Amino acid sequence: MSKSIESTGIWKNFGDTQALKDISFDVNEGEIFGFIGPDGAGKTTLFRIITTLLLPDRGSMTILGLDSTKGFKKLRENIGYMPGRFSLYLDLTVEENLNFYASVFGTRVEDNYELISDIYSHIEPFKKRLAGKLSGGMKQKLALSCALIHRPRLLVLDEPTTGVDAVSRTEFWEMLRKLRQHDITIVVSTPYMDEAIRCDRVALIQSGQIMTIDKPQNIRDGFSRKLFSAKAADKYGLLIALREYPGTLSVYPFGDSIHVTFSEEKPDKALTEFLLKNGITDAVLNETEAGIEDRFLELMGKDETRKL
Amino acid sequence: MKRFLGFVRKEFIHIFRDVRTLTILFGLPAVMIILFGYVVSTDLKNASLAFLDLSKDDVSIELTDKICSSGFFEKTADLSGYQDIDRILRSGKAKAVIIFGEDFGRDLEAGKNARVSIIADGSEPNIATLVTNYATAIISGFNQQLLLAGQVSVPVIVPEVSMFYNPSLKSQFMFVPGVITMIMILICALMTSITLTREKEFGTMEVLLVSPLKPVHIILGKVIPYFFLSFVNVVTILVLSRLVFGMPVNGSPILLLAECMLYILLSLSIGILISALAKTMQQAIFISLVGMMLPTVLLSGFIFPIENMPKVYNWLSAILPPRYFIVIIKNIMIKGTGFAHVWKETLILAFMTVILIGLAIKKFRIRLQ
Amino acid sequence: MTRNPVIKVRNLVKKFGSFVANDNLSFEVYEGEIFGFLGANGAGKTTAIRILTGLSEPTSGEVMVAGFDARRQPEEIKKNIGYMCQKFSLYDDLTIRENIMLYGGIYGLGKALIRERTNQLLDRLNFREYGDRLISSLPLGLKQKLAFSVAVFHEPRIVFLDEPTGGVDPITRRQFWEMIYETASRGITVFVTTHYMDEAEYCDRVSIMSEGRIVAIDTPAELKKQYDAESVEEVFVKIARPGMKHGKESETADNKREA
């Protein structure tokens with residue numbers, strides 16, 4: 001399988017802050033590759049290096065077979081980029097934005113219309129409206145249309161779903177899925193752990209370092225212990241009690257339950273007694289499947305250099 | 001080429017869709033012309049003067065009358081001694097005091113230099129300059145009279161007043177070149193630096209940089225619409241000042257417009273340079289206003305005469321393009337001189353333009369920082 | 001369980017001209033509860049919060065917050081609530097201690113009390129020796145935890161949080177929610193507005209707003225059961241989807257009018 005991106009040992013500093021530390025990864029042609037991590041993890045810096053907007057301090061990156069530093073002119077014709085804030089001209093109409101981006105890339109909207117028709121059809125009824133007057137979801141679709149209008153071979157999307165409501169997010173991922181049939185490689189970043197499963201492969205990134213790269217299912221399977229989900233009416237009381245229990249390895253609140261791991265294979269009566277002693281009478285403990293976020297937390301916990 | 005035209009088209013849409021930009025572009029010149037022409041007029045009319053005449057001879061009384069009847073001044077007080085000077089100036093009842101020393105009459109008769117001192121209220125430097133200029137002008141006129149009448153053989157006082165080219169002393173004529181200079185800086189430098197930094201702030205610059213559009217295209221695409229608009233503006237100002245103040249263009253209009261184009265180009269390159277340095281619109285505005293507007297107003301000779309400035313400011317003013325442009329435009333509009341008299345200033349401006357454009361293109365980054 | 005309501009809203013209507021931002025809202029929030037107030041952008045959340053915090057007057061209906069009438073006693077309400085939003089909370093150019101001093105002073109706490117509680121607060125965050133550091137030098141996650149501590153510094157009866165944990169790393173987020181749990185266990189009601197559905201999972205009860213109305217209100221578990229969904233997000237999508245279509249139609253209508 002040929003590679004769209006091959007990155008080896010990328011480092012980037014801004015003054016004293018290390019934004020990226022030894023970033024190496026490959027992206028296969030035609031796949032959706034996700035970078036999952038919180039704000040400040042280095043996603044945007046990395047994406048700016050991929051789009052040739054920044055030069056790495058060290059390391060090399062080959063994109064679409066070209067060196068990202070030397071071949072940037074040629075590369076820029078084949079990359080579609082959607083920065084974190086949707087890069088639209090708010091005082092231009094939907095149609096004017098699209099036409100403008102088409103002209104900048106030396107193409108016409110008609111030439112590649114079938115590529116964007118699926119996406120653009122959602123906003124076409126409002127083509128005379130100023131981009132500034134669109135809702136977040138519609139801005140996102142317009143920005144995606146603009147990024148695709150020159151039929152790029154590599155699509156780079158920096159947090160395309162941040163600040164967009166849940167319905168639009170779901171729609172957006174469906175659109176990306178459909179784009180795969182046009183042989184476009186997609187690199188996407190997101191702070192939402194639950195979006196990892198939408199990607200073919202993901203890299204978990206934190207504090208400028210990649211913690212792991214794999215298929216989403218493999219990452220979940222990588223969770224090293226049995227994971228239990230605990231519930232009780234007094235959630236906070238349960239949390240405190242579980243934390244104090246000697247056999248506990250990790251405790252994290254997880255929505256309406258608490259995810260906990262133990263040093264022994266299966267918690268025994270001692271735990272029930274311990275909880276009772278702490279006034280938790282209604283605790284329910286079930287084994288559960290680890291999610292991406294559980295694995296993320298596990299990997300973060302291992303990183304001893306991390307300071308809270 | 002198509003890419004480039006698409007870009008220029010977009011710029012025009014930006015400008016014409018934004019009411020605020022349009023107001024600034026076309027409202028400001030008109031407001032400035034009228035503001036400076038009427039309100040901030042520096043014509044002297046009935047400025048209050050106090051006299052301290054210790055000589056009290058025929059000549060001093062005659063000169064006093066002459067000053068007061070000029071229409072520029074009004075006598076508000078007769079002082080009895082030097083001790084009153086401070087008081088009357090502090091009270092604001094006089095803008096200046098004219099003093100004839102005890103020996104004034106005697107010196108004059110003896111054919112020696114007779115001294116007339118003018119003490120002006122320096123807290124209003126602009127008015128002080130005007131008052132002293134006007135008063136010395138009247139005194140020197142009086143001198144001529146005495147000479148002609150054969151009463152004296154050598155000039156008593158020889159003040160240097162250069163108002164030969166503007167005999168009616170109309171200040172509007174001085175201001176129009178200044179306003180053109182200012183508007184150009186404002187529109188070209190401020191507006192272009194704002195539109196460029198706006199693209200940075202809204203993240204659209206990132207996409208433009210990633211696109212195959214060349215930096216030269218981006219810069220030219222921004223420059224062309226504003227070049228065009230600035231030119232329209234210059235013409236508007238000239239027509240307006242003609243209609244409102246009857247301001248003539250004594251020299252060649254074609255030369256004048258050509259010089260304006262050169263200056264527009266120079267201001268635009270300043271704007272691009274600013275946008276290369278500024279990260280946000282706010283910074284761009286700050287640099288344009290504080291870095292460009294203030295020096296233009298204060299140091300270019302627009303309001304305060306360069307000759308009167310301390311040496312340091314004078315040197316500082318020498319690196320400011322507006323200083324030369326004002327000389328050029330005054331020469332062409334008021335004196336009616338041709339290229340032969342302004343080639344030196346033109347050359348300096350052309351040289352500055354080449355350097356600034358070079359710098360702007362060099363500083364314009366093809367990557368983010 | 002005796003449930004003592006601290007927020008009582010009955011038939012709240014807020015209109016801006018002919019536009020109905022809040023269409024007949026009725027709900028209660030109980031003491032010590034963590035209540036999630038959800039809705040898409042433009043659903044009317046912000047308008048409702050402004051009324052609950054005494055910043056805006058309702059057009060009609062009855063709103064009681066912390067025992068005070070939002071229409072007649074907005075100043076009393078302000079004394080009894082805390083507020084934290086994601087964008088602005090602390091002054092970047094002041095130190096931690098200076099920020100706390102400022103807020104303590106605004107709520108009329110005495111100097112000695114402020115000093116005592118400041119030390120407690122810094123101890124709880126393991127941050128005692130850094131009290132004189134500028135806010136701008138702190139990492140995002142810590143800033144948020146600090147902002148929350150400051151919002152409950154005067155021990156209000158209700159604290160309003162606006163999208164409190166968007167974008168922070170998973171560990172910091174969990175530390176933040178633990179702080180919220182702890183606060184709620186002291187009897188302080190926590191009112192969370194957000195359009196991040198994953199934040200909703202942590203709440204005791206949530207309401208979902210759409211087009212000015214509350215379309216669902218219950219515990220996350222009950223909602224998931226009711227809508228046969230795996231997450232609150234799925235519930236939200238299921239509820240909001242028909243609404244979206246409706247929205248699109250009206251937008252098309254808008255467009256026609258413009259044309």
# chains A, B, ... in the order shown; residues from 1 in each chain; ligands from 1

call {"tool": "interface_residues", "arguments": {"of": "chain A", "to": "chain C", "cutoff": "7 Å", "atoms": "only C-alpha atoms", "output": "PyMOL selection string"}}
result
chain A and resi 38-39+125-126+165-167+191+236+252-253+255-256+297

call {"tool": "write_last_selection", "arguments": {"atoms": "N, CA, C and O atoms", "output": "PDB file, in the first residue's frame"}}
result
ATOM      1  N   PRO A  38      -6.479  16.513  23.367  1.00  0.00           N
ATOM      2  CA  PRO A  38      -7.093  17.738  23.887  1.00  0.00           C
ATOM      3  C   PRO A  38      -6.453  18.993  23.293  1.00  0.00           C
ATOM      4  O   PRO A  38      -5.465  18.898  22.562  1.00  0.00           O
ATOM      5  N   ASP A  39      -7.014  20.152  23.644  1.00  0.00           N
ATOM      6  CA  ASP A  39      -6.421  21.431  23.234  1.00  0.00           C
ATOM      7  C   ASP A  39      -4.995  21.498  23.738  1.00  0.00           C
ATOM      8  O   ASP A  39      -4.705  21.066  24.852  1.00  0.00           O
ATOM      9  N   PRO A 125     -29.421  25.923  -1.154  1.00  0.00           N
ATOM     10  CA  PRO A 125     -30.591  26.817  -1.079  1.00  0.00           C
ATOM     11  C   PRO A 125     -30.256  28.195  -0.518  1.00  0.00           C
ATOM     12  O   PRO A 125     -30.995  29.143  -0.725  1.00  0.00           O
ATOM     13  N   PHE A 126     -29.128  28.283   0.194  1.00  0.00           N
ATOM     14  CA  PHE A 126     -28.780  29.577   0.824  1.00  0.00           C
ATOM     15  C   PHE A 126     -27.596  30.221   0.133  1.00  0.00           C
ATOM     16  O   PHE A 126     -26.841  30.965   0.742  1.00  0.00           O
ATOM     17  N   ASP A 165     -22.885  21.600  16.475  1.00  0.00           N
ATOM     18  CA  ASP A 165     -23.792  20.781  17.287  1.00  0.00           C
ATOM     19  C   ASP A 165     -23.771  19.304  16.858  1.00  0.00           C
ATOM     20  O   ASP A 165     -23.272  18.950  15.800  1.00  0.00           O
ATOM     21  N   ALA A 166     -24.314  18.477  17.731  1.00  0.00           N
ATOM     22  CA  ALA A 166     -24.195  17.027  17.590  1.00  0.00           C
ATOM     23  C   ALA A 166     -24.745  16.515  16.264  1.00  0.00           C
ATOM     24  O   ALA A 166     -24.163  15.617  15.651  1.00  0.00           O
ATOM     25  N   VAL A 167     -25.846  17.081  15.826  1.00  0.00           N
ATOM     26  CA  VAL A 167     -26.453  16.607  14.583  1.00  0.00           C
ATOM     27  C   VAL A 167     -25.507  16.865  13.410  1.00  0.00           C
ATOM     28  O   VAL A 167     -25.240  15.976  12.594  1.00  0.00           O
ATOM     29  N   PRO A 191     -10.828  16.848  19.332  1.00  0.00           N
ATOM     30  CA  PRO A 191     -10.646  16.637  20.762  1.00  0.00           C
ATOM     31  C   PRO A 191     -11.656  15.634  21.318  1.00  0.00           C
ATOM     32  O   PRO A 191     -11.585  15.262  22.477  1.00  0.00           O
ATOM     33  N   TYR A 236     -20.575  10.639  44.275  1.00  0.00           N
ATOM     34  CA  TYR A 236     -19.359  11.203  44.846  1.00  0.00           C
ATOM     35  C   TYR A 236     -18.840  10.345  45.990  1.00  0.00           C
ATOM     36  O   TYR A 236     -17.648  10.082  46.101  1.00  0.00           O
ATOM     37  N   TYR A 252     -11.902   6.700  37.706  1.00  0.00           N
ATOM     38  CA  TYR A 252     -12.230   7.921  36.993  1.00  0.00           C
ATOM     39  C   TYR A 252     -13.738   8.036  36.838  1.00  0.00           C
ATOM     40  O   TYR A 252     -14.401   7.068  36.474  1.00  0.00           O
ATOM     41  N   PRO A 253     -14.300   9.187  37.132  1.00  0.00           N
ATOM     42  CA  PRO A 253     -15.718   9.377  36.807  1.00  0.00           C
ATOM     43  C   PRO A 253     -15.900   9.313  35.298  1.00  0.00           C
ATOM     44  O   PRO A 253     -15.057   9.800  34.553  1.00  0.00           O
ATOM     45  N   GLY A 255     -19.061   9.907  32.969  1.00  0.00           N
ATOM     46  CA  GLY A 255     -20.471  10.165  32.763  1.00  0.00           C
ATOM     47  C   GLY A 255     -21.263   9.787  33.988  1.00  0.00           C
ATOM     48  O   GLY A 255     -20.899  10.159  35.102  1.00  0.00           O
ATOM     49  N   ASP A 256     -22.307   8.964  33.807  1.00  0.00           N
ATOM     50  CA  ASP A 256     -23.147   8.648  34.964  1.00  0.00           C
ATOM     51  C   ASP A 256     -22.606   7.480  35.784  1.00  0.00           C
ATOM     52  O   ASP A 256     -23.216   7.062  36.758  1.00  0.00           O
ATOM     53  N   LEU A 297      -6.698   7.548  28.943  1.00  0.00           N
ATOM     54  CA  LEU A 297      -6.406   7.826  30.349  1.00  0.00           C
ATOM     55  C   LEU A 297      -5.307   6.906  30.868  1.00  0.00           C
ATOM     56  O   LEU A 297      -4.410   7.330  31.591  1.00  0.00           O
TER      57      LEU A 297
END

call {"tool": "residues_around", "arguments": {"residues": "B:His14", "least_positions_apart": "3", "cutoff": "10 Å", "atoms": "only C-alpha atoms", "output": "PyMOL selection string"}}
result
(chain A and resi 89-92) or (chain B and resi 8-11+17-19+21+195)

call {"tool": "select_by_dssp", "arguments": {"residues": "stretch 7-212 of chain C", "states": "helix (DSSP H, G or I)", "output": "VMD selection string"}}
result
chain C and resid 45 to 52 74 to 79 96 to 106 111 to 124 128 to 130 135 to 137 140 to 151 170 to 185 197 to 200

call {"tool": "closest_atom_pairs", "arguments": {"of": "chain B", "to": "chain A", "cutoff": "6 Å", "atoms": "only C-alpha atoms", "output": "JSON lines"}}
result
{"residue": "B:Arg3", "atom": "CA", "partner": "A:Val104", "partner_atom": "CA", "distance": 4.6}
{"residue": "B:Gly6", "atom": "CA", "partner": "A:Ser103", "partner_atom": "CA", "distance": 5.6}
{"residue": "B:Gly203", "atom": "CA", "partner": "A:Ser87", "partner_atom": "CA", "distance": 5.1}
{"residue": "B:Thr204", "atom": "CA", "partner": "A:Ser87", "partner_atom": "CA", "distance": 4.5}
{"residue": "B:Val210", "atom": "CA", "partner": "A:Arg76", "partner_atom": "CA", "distance": 5.2}
{"residue": "B:Ser211", "atom": "CA", "partner": "A:Arg76", "partner_atom": "CA", "distance": 5.5}
{"residue": "B:Pro212", "atom": "CA", "partner": "A:Glu77", "partner_atom": "CA", "distance": 5.5}
{"residue": "B:Arg367", "atom": "CA", "partner": "A:Leu53", "partner_atom": "CA", "distance": 4.4}
{"residue": "B:Leu368", "atom": "CA", "partner": "A:Leu53", "partner_atom": "CA", "distance": 5.3}

call {"tool": "closest_residue", "arguments": {"among": "B:Ile274, B:Ile224, B:Leu268, B:Lys335", "to": "B:Leu289", "atoms": "only C-alpha atoms"}}
result
B:Ile274

call {"tool": "closest_residue", "arguments": {"among": "C:Asn99, C:Thr165, C:Gln73, C:Ser149", "to": "C:Leu134", "atoms": "only C-alpha atoms"}}
result
C:Asn99

call {"tool": "atom_distance", "arguments": {"atom1": "atom CA of B:Ile332", "atom2": "atom CA of B:Val223"}}
result
26.5 Å

call {"tool": "residues_around", "arguments": {"residues": "stretch 153-163 of chain C", "least_positions_apart": "3", "cutoff": "7 Å", "atoms": "only C-alpha atoms", "output": "list of chain:residue names"}}
result
C:Ala66, C:Asn80, C:Ile81, C:Gly82, C:Tyr83, C:Met84, C:Cys85, C:Gln86, C:Gly104, C:Tyr107, C:Ser149, C:Val150, C:Gly166, C:Ile188, C:Thr189, C:Val190, C:Phe191, C:Val192, C:Thr193, C:Thr194

call {"tool": "atom_distance", "arguments": {"atom1": "atom CA of A:Lys12", "atom2": "atom CA of B:Leu359"}}
result
27.6 Å

call {"tool": "select_by_dssp", "arguments": {"residues": "stretch 82-292 of chain A", "states": "strand (DSSP E)", "output": "JSON, numbers by chain"}}
result
{"A": [82, 154, 155, 156, 157, 185, 186, 187, 188, 189, 190, 201, 202, 203, 204, 205, 206, 209, 210, 211, 212, 213, 214, 227, 228, 229, 230, 231, 248, 249, 250, 251, 252, 253, 254, 257, 258, 259, 260, 261, 262, 284, 285, 286, 287, 288]}

call {"tool": "residues_around", "arguments": {"residues": "A:Thr212", "least_positions_apart": "4", "cutoff": "10 Å", "atoms": "only C-alpha atoms", "output": "ChimeraX atom specification"}}
result
/A:25,202-205,219,222,295-296,299
